[in-house]
Amino acid sequence: MDDIAHPPVRLQANSSTPLSLKVAQARIDEFLNDFRSRSSPSKGGDATMTAQLDKLSKALKEQRARGRKKLPVTGSEQ
């Protein structure tokens with residue numbers, strides 16, 4: 001049996017840095033644009049990963065929009 005199934009690589013974060021929703025969304029969008037420019041259906045691009053990142057980006061946009069609606073207006077912002 002030469003075809004031994006190998007499990008996927010397991011990644012584990014050693015550290016983390018908090019990001020704002022705006023920065024996280026910008027980084028995801030930047031990655032998606034770069035990934036799309038390097039891959040295409042003819043090259044066998046992974047549509048599943050792209051679709052999941054699109055959903056994440058959309059969810060971050062919606063969460064930011066909800067957060068902006070809840071922010072109170074202070075005297076300095078008027």
# chains A, B, ... in the order shown; residues from 1 in each chain; ligands from 1
call {"tool": "residues_around", "arguments": {"residues": "segment 58-63 of chain A", "least_positions_apart": "6", "cutoff": "9 Å", "atoms": "only C-alpha atoms", "output": "short mmCIF file (atom, residue, chain, number, x, y, z; two decimals) with all heavy atoms, in the first residue's frame"}}
result
data_model
loop_
_atom_site.label_atom_id
_atom_site.label_comp_id
_atom_site.auth_asym_id
_atom_site.auth_seq_id
_atom_site.Cartn_x
_atom_site.Cartn_y
_atom_site.Cartn_z
N LEU A 21 -12.03 45.34 14.00
CA LEU A 21 -12.81 44.75 12.91
C LEU A 21 -12.38 45.33 11.57
O LEU A 21 -12.28 44.62 10.57
CB LEU A 21 -14.30 45.01 13.12
CG LEU A 21 -14.95 44.27 14.27
CD1 LEU A 21 -16.40 44.73 14.45
CD2 LEU A 21 -14.89 42.78 14.06
N LYS A 22 -12.09 46.64 11.56
CA LYS A 22 -11.68 47.30 10.33
C LYS A 22 -10.38 46.73 9.79
O LYS A 22 -10.26 46.45 8.59
CB LYS A 22 -11.55 48.81 10.59
CG LYS A 22 -11.23 49.62 9.36
CD LYS A 22 -11.19 51.09 9.71
CE LYS A 22 -10.94 51.92 8.47
NZ LYS A 22 -10.97 53.36 8.78
N ALA A 24 -9.01 43.77 10.56
CA ALA A 24 -9.20 42.36 10.20
C ALA A 24 -9.86 42.25 8.83
O ALA A 24 -9.43 41.45 7.99
CB ALA A 24 -10.05 41.66 11.25
N GLN A 25 -10.88 43.05 8.60
CA GLN A 25 -11.57 43.02 7.31
C GLN A 25 -10.64 43.45 6.18
O GLN A 25 -10.61 42.83 5.12
CB GLN A 25 -12.80 43.93 7.34
CG GLN A 25 -13.56 43.91 6.04
CD GLN A 25 -14.71 44.90 6.03
OE1 GLN A 25 -14.97 45.54 7.01
NE2 GLN A 25 -15.35 45.00 4.90
#
call {"tool": "select_by_dssp", "arguments": {"residues": "segment 6-40 of chain A", "states": "helix (DSSP H, G or I)", "output": "MDAnalysis selection string"}}
result
chainID A and resid 21:38
call {"tool": "residues_around", "arguments": {"residues": "segment 29-35 of chain A", "least_positions_apart": "4", "cutoff": "8 Å", "atoms": "only C-alpha atoms", "output": "MDAnalysis selection string"}}
result
chainID A and resid 25 39 50 53:54 57
call {"tool": "atom_distance", "arguments": {"atom1": "atom CA of Gln52 of chain A", "atom2": "atom CA of Arg27 of chain A"}}
result
14.7 Å
